[in-house]
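Below is one structure; the comments refer to it alone.
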Amino acid sequence: MNKATELVVDAGVGAVASEILKVVITEAKLVLAFKSVSKDLASTMEELVPIVREIEQTQGVEEVEELKTLKDTIDKARVVVEECKSVKKWEIHLKHYYTRRVYKINKKMLDFCQDRSYGCSPRVYTKLSSVPKIDDKVHVGLDWPLMKLKMKVLDDSLDRLLVSAFPGCGKTTLVTHLCHNQKIKDKFNHIFYSLVSGTPNFRKIVQNLLQHNGYEAVTFENDPQAANALIDLIEELTEDGPVLLVLDDVWLGADDFLKYFRFKLPGYKILVTSRSDLPSFDYTYPLQPLNEKDAKALLLHVAPRPYNAPQAEYEELLQKILKRCSGLPLVIEVVGVPLKGKPLYYWKGQVGSWSEGKTILRNPRPSVLECLEPSFTALEPHLKDCFMDMGSFLEDQKIRASVIIDIWVELYGKGTPDSSFEYMKYLHDLASQNLLRLIPLGRNDHEDCFYNELLVTQHDILRELAIHESKSEAVLERKRLSLVIQGDDYPDLSLSKRESTRFLSVSADDLFSSSWEEMDSFQFPNVEALLLNISSSNYALPRFIDTMQKLKVVIIINHGPGPAILTNLSCLSSLKKLKRIRLDKVSITFLDILQLQLVSLKKLSLFMCCFGEVSHDKNEIDVSKALSSLQEMDLDYCYDLEKLPNWISEAVSLEKLSITNCNKLSMLPKAIGNLSKLEVLRLSSCISLSELPETTARLNNLQFLDLSDCLGLRKLPLEIGRLEKLKKISMNKCWKCELPDSVRNLENLEVKCDEETAVVLWKLLKLKMRNLDVQVEETEHNLNLLRHCH
């Protein structure tokens with residue numbers, strides 16, 4: 001896909017598409033020459049906001065065919081609104097032309113609302129709220145459990161139902177198919193789905209339910225207050241018809257959480273899935289592993305018989321594999337997929353390795369972790385380390401590949417940008433063995449080590465395996481440590497654990513007070529990578545960070561609803577080896593970072609950060625010394641960023657500058673030409689950027705210029721032809737940009753763009769430029785961006 005600027009939704013962030021719609025709505029209301037039609041368009045888009053909010057929260061990753069129209073329509077709306085702003089009141093012919101275009105777009109949006117049943121009620125916008133989409137995998141052995149469970153859910157005498165099963169049996173798959181069953185949809189007017197997992201957040205679930213139904217987000221002071229809001233909501237919804245609420249993956253010990261959902265109301269029913277048998281349910285359906293016939297059918301599907309394999313020998317191997325997998329669909333896929341297309345000797349080697357020192361084959365009822373362990377054992381040593389690191393991230397977290405690679409480059413590599421290719425390969429190696437999943441968010445080919453458009457996810461069972469294997473390491477060799485802080489309840493830490501840790505992750509919930517008194521005396525002398533998962537709106541960095549004199553990379557990811565204010569940043573200033581910092585969804589100023597004077601910092605990444613007013617006052621700090629090693633700077637989805645501070649032009653060691661999806665960015669510093677080492681300048685999806693400074697033509701080392709989806713771009717620097725090293729330009733949807741005559745001086749240039757830009761700007765130049773290569777990229781409709789949230 002192109003970078004989806006018109007629907008710029010980042011998969012790791014909730015409510016991004018809705019925020020973009022709000023921007024278009026605001027712009028539409030300012031188009032005075034089309035006051036009446038633009039008002040109608042704005043009104044329709046306001047109806048779309050809660051719809052898009054709900055899509056953003058939907059679980060699952062597959063593209064949804066029926067929603068392609070939505071992406072196209074918002075695309076057209078943005079372009080038309082941008083063009084209408086330049087039409088004058090007296091230009092009657094243009095007013096007629098654009099009025100027709102706006103009318104057609106408005107009608108398409110209204111049709112979409114009606115097709116999706118969003119117009120039936122003033123607040124209820126969908127029948128299936130956040131229910132995962134049915135994937136295209138083959139699901140065997142599902143018919144009988146689905147029929148049995150459907151019969152019980154349709155039984156009006158049962159209000160509280162439970163599906164319990166071993167991990168990996170397919171509980172989520174079963175309830176997903178149930179929710180999409182036509183008889184269930186006919187019975188229930190509203191079906192809600194929420195993934196709960198090990199750290200349930202009742203207030204957040206209620207907030208999501210309210211937002212799904214068109215209400216503004218509400219901040220609750222306590223759980224009982226949220227419970228009252230939930231009851232009021234369900235009472236209102238049941239007036240339209242029955243309501244089914246599905247709570248997926250509720251863990252043992254969540255009684256206090258479940259009690260808030262166990263209220264009696266006519267037409268209200270809850271369905272819970274859990275790994276354990278939970279008390280106080282009207283009916284429990286024990287989902288069993290696949291029987292031998294179905295398990296074999298699934299294995300044959302994911303790993304067909306090797307070419308020319310003798311039947312008897314092949315059957316013997318199948319039986320051993322099936323015994324290993326214990327009828328668990330997840331395990332069958334994890335074990336079977338790597339065997340697909342492999343010769344018989346590879347199958348033999350895989351099965352033979354299981355018997356070496358393993359008791360699993362003698363265990364008649366092995367656990368899932370025991371079933372999965374051979375997949376870990378078969379990994380090469382470097383991949384074992386990388387797989388175990390995945391356990392340091394939160395459960396069900398959608399992780400940017402760039403975050404993981406930043407950690408691995410410093411933890412295991414030489415710290416050079418080129419080594420990131422190697423660690424990208426490691427991710428692909430783990431994905432090819434079904435130990436994690438890679439979800440592309442765009443068309444970027446990663447050739448310049450830009451991995452912001454690739455998500456990494458992992459099944460919770462595989463995450464447990466990573467944690468299990470990490471804990472199985474000898475105490476003195478244990479490299480990673482994960483601390484979970486709930487409220488102000490701190491874990492106990494032995495000296496040996498602290499001294500052996502190289503990768504430390506600390507996760508705190510929204511009740512954490514940022515008081516580190518109990519841990520102030522702790523020291524972590526060997527930590528090289530620090531991952532902080534935060535949820536509170538104010539967060540003080542722990543003082544013990546300044547004891548981490550080997551620290552190379554800091555990642556701070558905020559999972560709360562809004563930008564978090566960070567304090568005690570000064571603890572980073574004493575870290576002489578710190579090379580990479582990434583901040584996600586925090587409120588910060590550029591001056592905060594500049595004042596740290598991190599002379600070893602090589603890469604700074606700011607994602608969805610809030611800056612307020614950008615300060616150009618650098619307090620007499622010599623930037624060339626304060627950030628003397630800075631090579632890369634990424635700013636992505638920073639919505640209030642209107643212009644960069646001038647001092648960035650003094651960071652003369654910069655080699656890559658990426659500013660993407662920053663809608664308000666309207667200008668670059670005039671002195672940007674001072675960045676004599678800059679090789680990559682990426683400005684994609686910055687829709688308010690109309691031109692580049694003329695000094696851009698002084699970037700003598702520039703090799704790649706990415707202007708894709710900069711819809712407002714109107715001209716390039718007059719002397720751009722002086723950039724002799726420029727070999728690649730990306731200009732998707734930039735057909736309104738004016739190319740200066742000097743562009744003809746560029747030789748061996750590769751241009752990537754859409755067909756319209758190619759025809760309007762570049763194809764006429766093919767005969768006038770030496771070795772010009774114009775590559776037309778087809779528009780893809782990839783809604784992965786819409787389907788993920790924090």
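Chain labels follow the order of the structure tokens: the first chain is A, the next B, and so on; residue numbering restarts at 1 in every chain, and ligands are counted from 1 in their shown order.
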
Quiz prompt | Residue neighbourhood stretch 373-380 of chain A, 12 Å, only C-alpha atoms, exclusion window fewer than 5 positions, as a ChimeraX atom specification | solution = /A:321,324-325,331-339,349-361,366-368,385-388,426,429-430,432-435,461-470,472

Self-check item: Selection: 9 Å around A:Asp741, only C-alpha atoms, excl. self and same-chain fewer than 2 positions, as a PyMOL selection string
Solution: chain A and resi 718-719+721+739+743-745

Self-check item: Shell of 6 Å around stretch 571-586 of chain A, only C-alpha atoms, local chain residues under 2 positions omitted, as a list in words
Solution: Asp546, Gln549, Leu551, Lys552, Val553, Val554, Ile555, Ile556, Ile557, Asn558, Pro563, Ala564, Ile565, Leu569, Leu596, Ser600, Leu601, Lys602, Lys603, Leu604, Ser605, Leu606, Phe607, Met608 and Cys609 of chain A

Quiz prompt | Secondary structure check, helix (DSSP H, G or I) residues of stretch 169-374 of chain A, as a PyMOL selection string | solution = chain A and resi 171-180+182-187+202-212+223-238+255-261+292-302+311-325+329-339+344-354+360-362+368-374

With C-alpha atoms retained, write the just-selected residues as a compact mmCIF listing (two decimals), in the first residue's frame.
```txt
# COMPACT_ATOMS: atom_id res chain seq x y z
CA LYS A 171 -11.30 -20.66 21.90
CA THR A 172 -10.98 -17.30 20.13
CA THR A 173 -11.55 -18.92 16.74
CA LEU A 174 -14.70 -20.63 18.04
CA VAL A 175 -16.32 -17.51 19.52
CA THR A 176 -15.33 -15.46 16.47
CA HIS A 177 -17.18 -17.86 14.18
CA LEU A 178 -20.08 -17.86 16.63
CA CYS A 179 -20.39 -14.07 16.50
CA HIS A 180 -20.46 -14.15 12.70
CA GLN A 182 -26.22 -15.68 10.91
CA LYS A 183 -28.57 -17.13 13.52
CA ILE A 184 -26.59 -15.42 16.29
CA LYS A 185 -26.68 -12.11 14.41
CA ASP A 186 -30.40 -12.52 13.86
CA LYS A 187 -30.93 -13.16 17.57
CA PHE A 202 -12.50 -2.93 33.46
CA ARG A 203 -12.67 0.84 33.07
CA LYS A 204 -10.97 0.73 29.68
CA ILE A 205 -13.39 -1.91 28.42
CA VAL A 206 -16.36 0.23 29.47
CA GLN A 207 -14.76 3.27 27.83
CA ASN A 208 -14.41 1.31 24.58
CA LEU A 209 -18.01 0.13 24.74
CA LEU A 210 -19.21 3.69 25.20
CA GLN A 211 -17.12 4.91 22.29
CA HIS A 212 -18.34 2.07 20.08
CA ASP A 223 -14.53 0.61 38.90
CA PRO A 224 -17.96 0.96 40.59
CA GLN A 225 -18.49 4.22 38.70
CA ALA A 226 -17.67 2.45 35.43
CA ALA A 227 -20.00 -0.41 36.42
CA ASN A 228 -22.91 2.01 36.75
CA ALA A 229 -22.16 3.42 33.30
CA LEU A 230 -22.05 -0.11 31.86
CA ILE A 231 -25.44 -0.99 33.33
CA ASP A 232 -26.95 2.24 31.99
CA LEU A 233 -25.54 1.52 28.53
CA ILE A 234 -26.81 -2.08 28.42
CA GLU A 235 -30.23 -0.98 29.66
CA GLU A 236 -30.44 1.51 26.81
CA LEU A 237 -29.23 -0.97 24.18
CA THR A 238 -31.55 -3.78 25.22
CA ASP A 255 -13.39 -12.87 39.95
CA ASP A 256 -13.35 -9.20 40.99
CA PHE A 257 -13.25 -8.22 37.34
CA LEU A 258 -16.05 -10.54 36.25
CA LYS A 259 -18.43 -9.51 39.02
CA TYR A 260 -19.07 -6.19 37.30
CA PHE A 261 -20.46 -8.00 34.25
CA GLU A 292 -7.13 -37.80 15.67
CA LYS A 293 -9.00 -37.50 12.38
CA ASP A 294 -9.33 -33.70 12.49
CA ALA A 295 -5.80 -33.21 13.81
CA LYS A 296 -4.43 -35.27 10.93
CA ALA A 297 -6.54 -33.31 8.42
CA LEU A 298 -5.13 -30.03 9.71
CA LEU A 299 -1.56 -31.32 9.67
CA LEU A 300 -1.95 -32.58 6.11
CA HIS A 301 -3.20 -29.14 5.13
CA VAL A 302 -0.32 -27.16 6.66
CA GLN A 311 3.55 -44.14 2.50
CA ALA A 312 4.39 -46.37 5.47
CA GLU A 313 7.35 -44.26 6.55
CA TYR A 314 5.35 -41.06 6.07
CA GLU A 315 2.44 -42.38 8.14
CA GLU A 316 4.80 -43.31 10.96
CA LEU A 317 6.21 -39.79 11.00
CA LEU A 318 2.70 -38.33 10.96
CA GLN A 319 1.70 -40.33 14.00
CA LYS A 320 4.74 -39.17 15.94
CA ILE A 321 4.07 -35.55 15.02
CA LEU A 322 0.40 -35.85 15.93
CA LYS A 323 1.32 -37.36 19.27
CA ARG A 324 3.64 -34.43 19.85
CA CYS A 325 0.94 -31.88 19.01
CA PRO A 329 -4.48 -26.45 16.43
CA LEU A 330 -1.92 -23.83 17.38
CA VAL A 331 0.77 -26.44 18.02
CA ILE A 332 -0.04 -28.30 14.81
CA GLU A 333 0.48 -25.09 12.84
CA VAL A 334 3.67 -24.12 14.67
CA VAL A 335 5.18 -27.59 14.23
CA GLY A 336 3.76 -28.30 10.77
CA VAL A 337 4.38 -25.09 8.83
CA PRO A 338 8.23 -25.35 8.93
CA LEU A 339 7.89 -28.89 7.46
CA LEU A 344 11.51 -36.56 3.98
CA TYR A 345 14.95 -36.51 5.60
CA TYR A 346 14.13 -33.09 7.07
CA TRP A 347 10.93 -34.51 8.60
CA LYS A 348 12.96 -37.41 10.04
CA GLY A 349 15.53 -35.08 11.50
CA GLN A 350 12.85 -32.92 13.12
CA VAL A 351 11.05 -35.89 14.67
CA GLY A 352 14.32 -37.53 15.73
CA SER A 353 15.49 -34.38 17.55
CA TRP A 354 12.47 -34.51 19.84
CA ILE A 360 7.63 -35.22 26.08
CA LEU A 361 7.04 -38.39 24.04
CA ARG A 362 6.50 -40.35 27.24
CA VAL A 368 1.19 -26.64 25.49
CA LEU A 369 4.56 -25.26 26.51
CA GLU A 370 6.04 -28.74 26.37
CA CYS A 371 4.50 -29.24 22.94
CA LEU A 372 5.94 -25.98 21.68
CA GLU A 373 9.35 -26.37 23.27
CA PRO A 374 10.84 -28.39 20.40
```

Quiz item: Among stretch 612-753 of chain A, which residues carry a DSSP assignment of strand (DSSP E), reported as a ChimeraX atom specification?
Solution: /A:632-636,656-660,680-682,704-706,728-730,750-753

Quiz item: atom CA of A:His428 and atom CA of A:Arg502 are how many Å apart?
Solution: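 Separating atom CA of A:His428 from atom CA of A:Arg502 is a distance of 23.9 Å.
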